[in-house]
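Okay, final-v3.txt is below, compact mmCIF, C-alpha atoms:
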```
# COMPACT_ATOMS: atom_id res chain seq x y z
CA MET A 1 0.00 0.00 0.00
CA TYR A 2 0.99 3.65 -0.20
CA PHE A 3 -0.26 6.97 1.10
CA GLU A 4 0.32 10.64 0.47
CA VAL A 5 2.57 12.41 2.96
CA ALA A 6 0.65 15.18 4.72
CA TYR A 7 2.20 18.66 5.02
CA GLU A 8 4.91 17.76 2.51
CA SER A 9 2.85 16.94 -0.56
CA ARG A 10 0.83 19.12 -2.97
CA LYS A 11 3.31 21.99 -3.08
CA TRP A 12 2.84 24.10 -6.20
CA THR A 13 4.40 27.17 -7.80
CA ILE A 14 3.05 29.34 -10.61
CA ASN A 15 5.04 32.12 -12.26
CA ARG A 16 5.14 33.81 -15.66
CA GLU A 17 7.13 31.02 -17.22
CA THR A 18 5.83 27.76 -15.76
CA THR A 19 3.63 25.87 -13.30
CA THR A 20 5.20 23.27 -11.02
CA GLN A 21 3.73 20.89 -8.45
CA THR A 22 5.40 18.27 -6.24
CA ILE A 23 3.44 15.38 -4.78
CA VAL A 24 5.02 13.15 -2.11
CA TYR A 25 4.02 9.54 -1.40
CA TYR A 26 5.18 6.96 1.07
CA ILE A 27 5.30 3.42 -0.26
CA CYS A 28 5.07 0.77 2.43
CA ARG A 29 7.60 -2.01 2.61
CA ASP A 30 5.01 -4.74 2.01
CA SER A 31 4.15 -3.18 -1.38
CA ILE A 32 7.71 -3.55 -2.66
CA VAL A 33 8.00 -6.88 -4.42
CA THR A 34 11.62 -7.79 -5.18
CA SER A 35 11.26 -11.49 -5.97
CA GLY A 36 12.66 -12.47 -9.33
CA LEU A 37 14.27 -9.07 -10.01
CA ASP A 38 17.80 -10.32 -9.37
CA ALA A 39 17.68 -12.42 -12.55
CA THR A 40 17.22 -9.30 -14.66
CA TYR A 41 18.86 -6.55 -12.66
CA GLY A 42 21.74 -8.50 -11.06
CA ALA A 43 22.09 -10.66 -7.94
CA PHE A 44 24.87 -8.37 -6.73
CA PHE A 45 22.25 -5.62 -6.19
CA THR A 46 19.78 -7.90 -4.33
CA PRO A 47 17.17 -7.22 -3.01
CA ASN A 48 16.74 -4.72 -5.90
CA ASP A 49 14.13 -2.83 -3.91
CA ASP A 50 15.09 0.37 -5.74
CA VAL A 51 14.04 -1.26 -9.02
CA ALA A 52 10.87 -2.57 -7.38
CA VAL A 53 9.97 0.95 -6.23
CA ALA A 54 10.57 2.33 -9.74
CA ASN A 55 8.28 -0.30 -11.27
CA PHE A 56 5.66 0.41 -8.58
CA VAL A 57 5.72 4.13 -9.40
CA TYR A 58 5.39 3.50 -13.14
CA ALA A 59 2.43 1.19 -12.57
CA ASN A 60 0.49 3.25 -10.03
CA PHE A 61 1.07 6.97 -10.55
CA PRO A 62 -0.23 8.94 -13.59
CA ASP A 63 2.19 10.55 -16.01
CA THR A 64 0.08 13.72 -16.25
CA ARG A 65 -2.34 15.82 -14.27
CA LEU A 66 -4.48 18.88 -15.02
CA PHE A 67 -3.91 21.98 -12.90
CA PRO A 68 -5.79 25.33 -12.94
CA THR A 69 -4.15 28.70 -13.62
CA ASN A 70 -5.55 32.18 -14.29
CA ALA A 71 -5.06 31.51 -18.00
CA GLY A 72 -6.95 28.19 -17.85
CA ASN A 73 -6.11 24.60 -17.10
CA VAL A 74 -2.56 23.45 -17.78
CA LEU A 75 -1.56 19.86 -18.50
CA LEU A 76 1.42 18.94 -16.33
CA TYR A 77 3.78 16.04 -16.98
CA ILE A 78 6.09 14.13 -14.66
CA ASN A 79 9.43 15.79 -15.30
CA GLU A 80 11.24 14.33 -12.29
CA ILE A 81 10.90 11.38 -9.94
CA SER A 82 13.04 11.07 -6.82
CA ALA A 83 12.94 8.33 -4.20
CA VAL A 84 14.69 7.69 -0.87
CA GLU A 85 14.55 4.67 1.46
CA GLU A 86 13.48 5.30 5.04
CA VAL A 87 14.68 3.54 8.21
CA ASP A 88 11.67 1.22 8.24
CA ASN A 89 12.54 0.07 4.70
CA GLY A 90 9.64 1.95 3.17
CA TRP A 91 10.29 4.51 0.46
CA THR A 92 9.40 8.19 0.12
CA VAL A 93 8.80 9.15 -3.50
CA THR A 94 8.54 12.72 -4.78
CA LEU A 95 6.87 13.35 -8.14
CA THR A 96 7.50 16.70 -9.80
CA TYR A 97 4.89 17.73 -12.36
CA SER A 98 5.42 20.65 -14.77
CA PRO A 99 4.63 21.58 -18.39
CA PRO A 100 6.99 20.22 -21.04
CA GLU A 101 9.96 22.47 -21.60
CA LYS A 102 9.53 24.46 -24.79
CA GLU A 103 11.89 26.69 -26.66
CA ASP A 104 10.01 29.90 -27.31
CA ARG A 105 10.66 30.34 -31.02
CA SER A 106 7.14 31.07 -32.20
CA GLY A 107 7.18 33.58 -35.04
CA TYR A 108 10.93 33.09 -35.55
CA VAL A 109 12.26 32.04 -38.95
CA GLN A 110 15.66 31.31 -40.46
CA PHE A 111 16.70 31.82 -44.07
CA GLY A 112 19.15 30.12 -46.40
CA PHE A 113 19.76 30.38 -50.14
CA SER A 114 21.89 29.16 -53.02
CA THR A 115 22.55 30.58 -56.49
CA ASN A 116 23.92 27.30 -57.82
CA GLY A 117 21.78 26.49 -60.85
CA GLU A 118 21.60 23.27 -62.82
CA THR A 119 22.62 22.42 -66.37
CA THR A 120 20.03 23.72 -68.81
CA HIS A 121 19.49 22.70 -72.42
CA VAL A 122 19.26 25.91 -74.45
CA SER A 123 17.86 25.95 -77.97
CA LYS A 124 17.84 29.72 -78.50
CA ALA A 125 20.51 32.34 -77.93
CA ILE A 126 19.91 35.60 -76.10
CA SER A 127 20.90 37.44 -79.26
CA GLN A 128 22.56 36.75 -82.60
CA ARG A 129 25.73 38.79 -82.73
CA ASN A 130 26.36 37.96 -86.40
CA ILE A 131 25.92 35.30 -89.07
CA VAL A 132 28.03 35.10 -92.24
CA ALA A 133 28.43 32.71 -95.19
CA ARG A 134 31.70 31.17 -96.27
CA SER A 135 33.81 33.64 -98.19
CA GLY A 136 33.47 33.16 -101.93
CA SER A 137 30.55 30.74 -101.64
CA GLY A 138 28.03 33.24 -102.92
CA LEU A 139 25.57 31.98 -100.34
CA VAL A 140 23.34 34.14 -98.19
CA PRO A 141 22.84 32.89 -94.60
CA PRO A 142 19.29 31.87 -93.70
CA GLN A 143 17.26 33.57 -91.01
CA THR A 144 17.74 31.53 -87.83
CA TYR A 145 16.25 33.89 -85.23
CA GLY A 146 19.07 32.85 -82.90
CA TYR A 147 18.12 29.17 -82.70
CA ILE A 148 21.14 26.96 -82.04
CA GLY A 149 22.10 24.03 -84.29
CA GLN A 150 19.21 24.67 -86.69
CA SER A 151 18.51 22.20 -89.46
CA ALA A 152 15.56 20.86 -91.37
CA ASN A 153 14.95 18.43 -88.52
CA GLY A 154 14.84 20.94 -85.68
CA PHE A 155 17.31 22.52 -83.28
CA GLU A 156 20.13 20.62 -81.65
CA GLY A 157 20.70 23.23 -78.94
CA ILE A 158 23.44 23.18 -76.32
CA ASP A 159 23.81 22.34 -72.61
CA LEU A 160 24.86 25.28 -70.45
CA SER A 161 25.44 25.65 -66.72
CA SER A 162 22.93 28.15 -65.47
CA SER A 163 22.49 30.35 -62.43
CA GLY A 164 19.34 30.05 -60.42
CA LEU A 165 18.06 31.07 -57.02
CA SER A 166 16.84 28.46 -54.59
CA PHE A 167 16.16 29.32 -50.97
CA ASN A 168 14.72 27.85 -47.81
CA ILE A 169 12.85 29.23 -44.85
CA THR A 170 12.68 27.42 -41.51
CA GLY A 171 9.77 28.23 -39.22
CA TYR A 172 9.20 26.98 -35.68
CA PHE A 173 5.77 25.63 -34.78
CA ASP A 174 4.12 24.57 -31.54
CA PRO A 175 3.69 20.77 -31.63
CA THR A 176 0.02 21.14 -30.68
CA VAL A 177 -0.82 22.52 -34.15
CA TRP A 178 0.22 19.34 -35.93
CA SER A 179 -2.44 17.24 -37.56
CA THR A 180 -2.93 15.30 -40.75
CA SER A 181 -4.76 18.31 -42.21
CA VAL A 182 -1.65 20.49 -41.78
CA MET A 183 0.50 17.93 -43.56
CA SER A 184 -2.13 17.62 -46.29
CA THR A 185 -2.07 21.40 -46.77
CA TYR A 186 1.71 21.38 -47.20
CA THR A 187 1.44 18.50 -49.63
CA ALA A 188 -1.21 20.30 -51.69
CA LEU A 189 0.90 23.48 -51.88
CA SER A 190 4.09 21.67 -52.90
CA LYS A 191 4.98 22.27 -56.57
CA CYS A 192 2.67 25.33 -56.59
CA TYR A 193 3.74 28.93 -57.23
CA ASN A 194 2.83 31.92 -55.09
CA ASP A 195 -0.51 33.48 -56.00
CA ASP A 196 0.44 36.76 -54.29
CA VAL A 197 3.56 38.64 -53.21
CA PHE A 198 5.73 36.37 -51.04
CA TYR A 199 8.67 37.81 -49.14
CA GLY A 200 8.94 40.57 -51.74
CA PHE A 201 8.76 38.28 -54.76
CA PRO A 202 5.88 39.00 -57.19
CA ALA A 203 3.16 36.42 -57.74
CA GLY A 204 4.26 33.62 -60.07
CA GLU A 205 7.99 33.70 -59.28
CA VAL A 206 8.33 31.36 -56.27
CA LEU A 207 7.67 27.62 -56.47
CA LEU A 208 7.33 25.62 -53.25
CA ASP A 209 9.48 22.59 -54.01
CA TYR A 210 8.95 20.56 -50.84
CA VAL A 211 8.62 20.73 -47.04
CA ASP A 212 10.75 18.88 -44.51
CA ALA A 213 10.19 18.57 -40.75
CA GLN A 214 11.47 16.56 -37.82
CA GLY A 215 10.71 17.36 -34.18
CA GLU A 216 9.74 16.27 -30.70
CA ALA A 217 6.33 16.12 -29.08
CA PHE A 218 7.07 18.73 -26.41
CA LYS A 219 9.28 21.24 -28.23
CA TYR A 220 8.82 23.68 -31.05
CA VAL A 221 9.11 21.80 -34.32
CA PRO A 222 11.46 23.23 -37.00
CA VAL A 223 9.79 23.03 -40.41
CA THR A 224 11.90 23.86 -43.47
CA PHE A 225 10.27 25.01 -46.71
CA TYR A 226 12.34 24.76 -49.90
CA PHE A 227 11.63 27.17 -52.76
CA ILE A 228 12.78 27.67 -56.35
CA HIS A 229 12.75 31.16 -57.86
CA GLN A 230 12.26 31.97 -61.52
CA PRO A 231 11.70 35.63 -62.51
CA ASN A 232 8.58 36.61 -64.38
CA ILE A 233 9.12 37.84 -67.97
CA SER A 234 7.34 40.97 -69.14
CA GLY A 235 7.64 42.43 -72.63
CA ALA A 236 10.85 40.58 -73.55
CA THR A 237 12.04 40.82 -77.14
CA ASP A 238 11.42 37.62 -79.11
CA PRO A 239 12.50 38.06 -82.77
CA GLY A 240 9.84 36.98 -85.21
CA PHE A 241 7.08 37.22 -82.61
CA ALA A 242 5.38 39.78 -80.46
CA SER A 243 7.12 40.60 -77.18
CA LEU A 244 7.03 37.77 -74.64
CA THR A 245 5.26 37.92 -71.27
CA MET A 246 4.99 34.92 -68.95
CA LEU A 247 5.10 33.92 -65.29
CA GLY A 248 8.35 32.56 -63.96
CA HIS A 249 7.16 28.97 -63.75
CA ASP A 250 5.29 28.91 -67.05
CA ILE A 251 7.03 27.41 -70.05
CA VAL A 252 7.28 28.67 -73.62
CA ASP A 253 7.01 26.28 -76.54
CA TYR A 254 7.54 26.93 -80.25
CA GLY A 255 6.02 25.18 -83.22
CA TYR A 256 7.96 24.76 -86.46
CA LEU A 257 7.48 24.02 -90.12
CA LYS A 258 10.13 22.85 -92.57
CA ALA A 259 11.08 25.61 -94.98
CA VAL A 260 13.78 26.75 -97.36
CA ASP A 261 15.42 30.09 -96.74
CA ASN A 262 18.19 31.34 -99.00
CA SER A 263 18.57 27.83 -100.44
CA GLN A 264 18.97 26.35 -96.94
CA GLN A 265 16.57 23.82 -95.44
CA ILE A 266 15.54 24.97 -91.97
CA SER A 267 12.85 24.53 -89.34
CA TRP A 268 10.85 27.73 -89.36
CA PRO A 269 9.29 28.85 -86.06
CA VAL A 270 5.70 29.68 -86.99
CA TYR A 271 3.92 29.90 -83.66
CA ARG A 272 4.65 30.30 -79.96
CA GLN A 273 2.62 29.24 -76.99
CA VAL A 274 3.03 30.08 -73.30
CA LEU A 275 1.88 27.17 -71.15
CA GLN A 276 0.87 27.03 -67.50
CA VAL A 277 2.32 23.84 -66.01
CA ARG A 278 2.01 24.67 -62.27
CA ASN A 279 -0.96 25.68 -60.15
CA PRO A 280 -1.05 28.82 -57.99
CA GLY A 281 -1.16 28.37 -54.22
CA ASN A 282 -1.94 30.53 -51.20
CA PHE A 283 1.39 30.69 -49.37
CA ASP A 284 -0.26 32.44 -46.40
CA LEU A 285 -1.33 28.92 -45.39
CA LEU A 286 2.32 27.97 -44.82
CA GLY A 287 2.38 29.94 -41.60
CA ILE A 288 5.68 31.69 -42.29
```
For the file at hand, write its structure as structure tokens.
Amino acid sequence: MYFEVAYESRKWTINRETTTQTIVYYICRDSIVTSGLDATYGAFFTPNDDVAVANFVYANFPDTRLFPTNAGNVLLYINEISAVEEVDNGWTVTLTYSPPEKEDRSGYVQFGFSTNGETTHVSKAISQRNIVARSGSGLVPPQTYGYIGQSANGFEGIDLSSSGLSFNITGYFDPTVWSTSVMSTYTALSKCYNDDVFYGFPAGEVLLDYVDAQGEAFKYVPVTFYFIHQPNISGATDPGFASLTMLGHDIVDYGYLKAVDNSQQISWPVYRQVLQVRNPGNFDLLGI
């Protein structure tokens, strides 16, 4: 059997930062069962009554309790257990209950970025500095509009290393906000572009690549959001076509016909389409 120790138990403290309560019990000697424990915990430590007391505490005392404060009820957890043997071979056990320790990082974010782009296959040059025919050939160069490796079969193009901005933002979230709906929201927004201004970037320029998180149940959870930036294009010169305007994560695609220009067989760009391949998303739902 066990009983609560009067005048020592039920101490509590409330301050701006935390709520703490200590509850003290006396566990009678006849409640401490040590038989068979030496096989697991070592005959050298017989009678292993300390282990028996620990098991008794785990089996009989709750891990949590609810305690009132001016701000409402607070769920307290056992953060410390201490035990001492008395002269009559009973044990006095002190349970300290308090809220889980949290690192106050709500509203705090960290930033990181990289300008290391990937290899890009380019089929069209920024500009055509010049094009000439072989001296003495009498040929006149065809109109290529800056397309690279042009032939009757299309454009071979070239692979170039490219610059590109990718960045990440880490936010810190209270573990109580986590639910499957939050994770579903992040999943739905992944591979979407911002539908409004996001950290100074205009709508259409920032793609949420993916979200990564790993945390503990009682501490603020760091959640890292990875983004890819592509600038919007507005009124860019595109020889042979009207000026080009598109969102950063749209794509532009050209259609061609085979033609002969100045006695040369070429693929002639005859139409251009700007295609939306990503959906817009409300990045306010990210919570950062």
| request: Go ahead and find all residues with at least one atom no further than 12 Å from (13.1, 36.3, -54.8) in the file's coordinates, using all atoms listed in the file; report them as number ranges by chain. | output: A: 113-115, 164-168, 194, 197-207, 227-232, 248
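Of the listed residues (A:Leu208, A:Leu275, A:Val24, A:Val260), A:Val24 comes nearest to A:Trp12; the distances count all atoms listed in the file.
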| task | Tell me which protein, DNA and RNA residues are within 6 Å of A:Val93, counting all atoms listed in the file, leaving out same-chain ones fewer than 5 positions away, and put them as a VMD selection string. | result | chain A and resid 24 to 25 82 to 83
| Just how far from atom CA of A:Ile126 is atom CA of A:Ser163, in Å to one decimal? |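 For atom CA of A:Ser163 relative to atom CA of A:Ile126, the distance reads 14.9 Å.
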| message | Using all atoms listed in the file, which protein or nucleic acid residues come within 10 Å of A:Gly215? Drop anything in the same chain fewer than 4 positions from it, and give the result as number ranges by chain. | response | A: 172-173, 175, 219-223
| Pick the closest to A:Thr187 from A:Pro142, A:His249, A:Gly112, A:Leu285: which is it, counting only C-alpha atoms? |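 Among A:Pro142, A:His249, A:Gly112, A:Leu285, it is A:Leu285 that comes nearest to A:Thr187.
Among the candidates A:Asn279, A:Ser123, A:Ser162, A:Gln273, the one nearest to A:Thr144 when counting all atoms listed in the file is A:Ser123.
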| request: Using atom CA of A:Pro100 and atom CA of A:Ile78 as the two end points, give the distance in Å to one decimal. | output: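 Atom CA of A:Ile78 lies at a distance of 8.9 Å from atom CA of A:Pro100.
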| field | A:Val274 environment, 8 Å, all atoms listed in the file, sequence neighbours closer than 6 positions dropped, as a list in words | value |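 Contacts, in chain order: Met246, Asp250, Ile251, Val252 and Asp253 of chain A.
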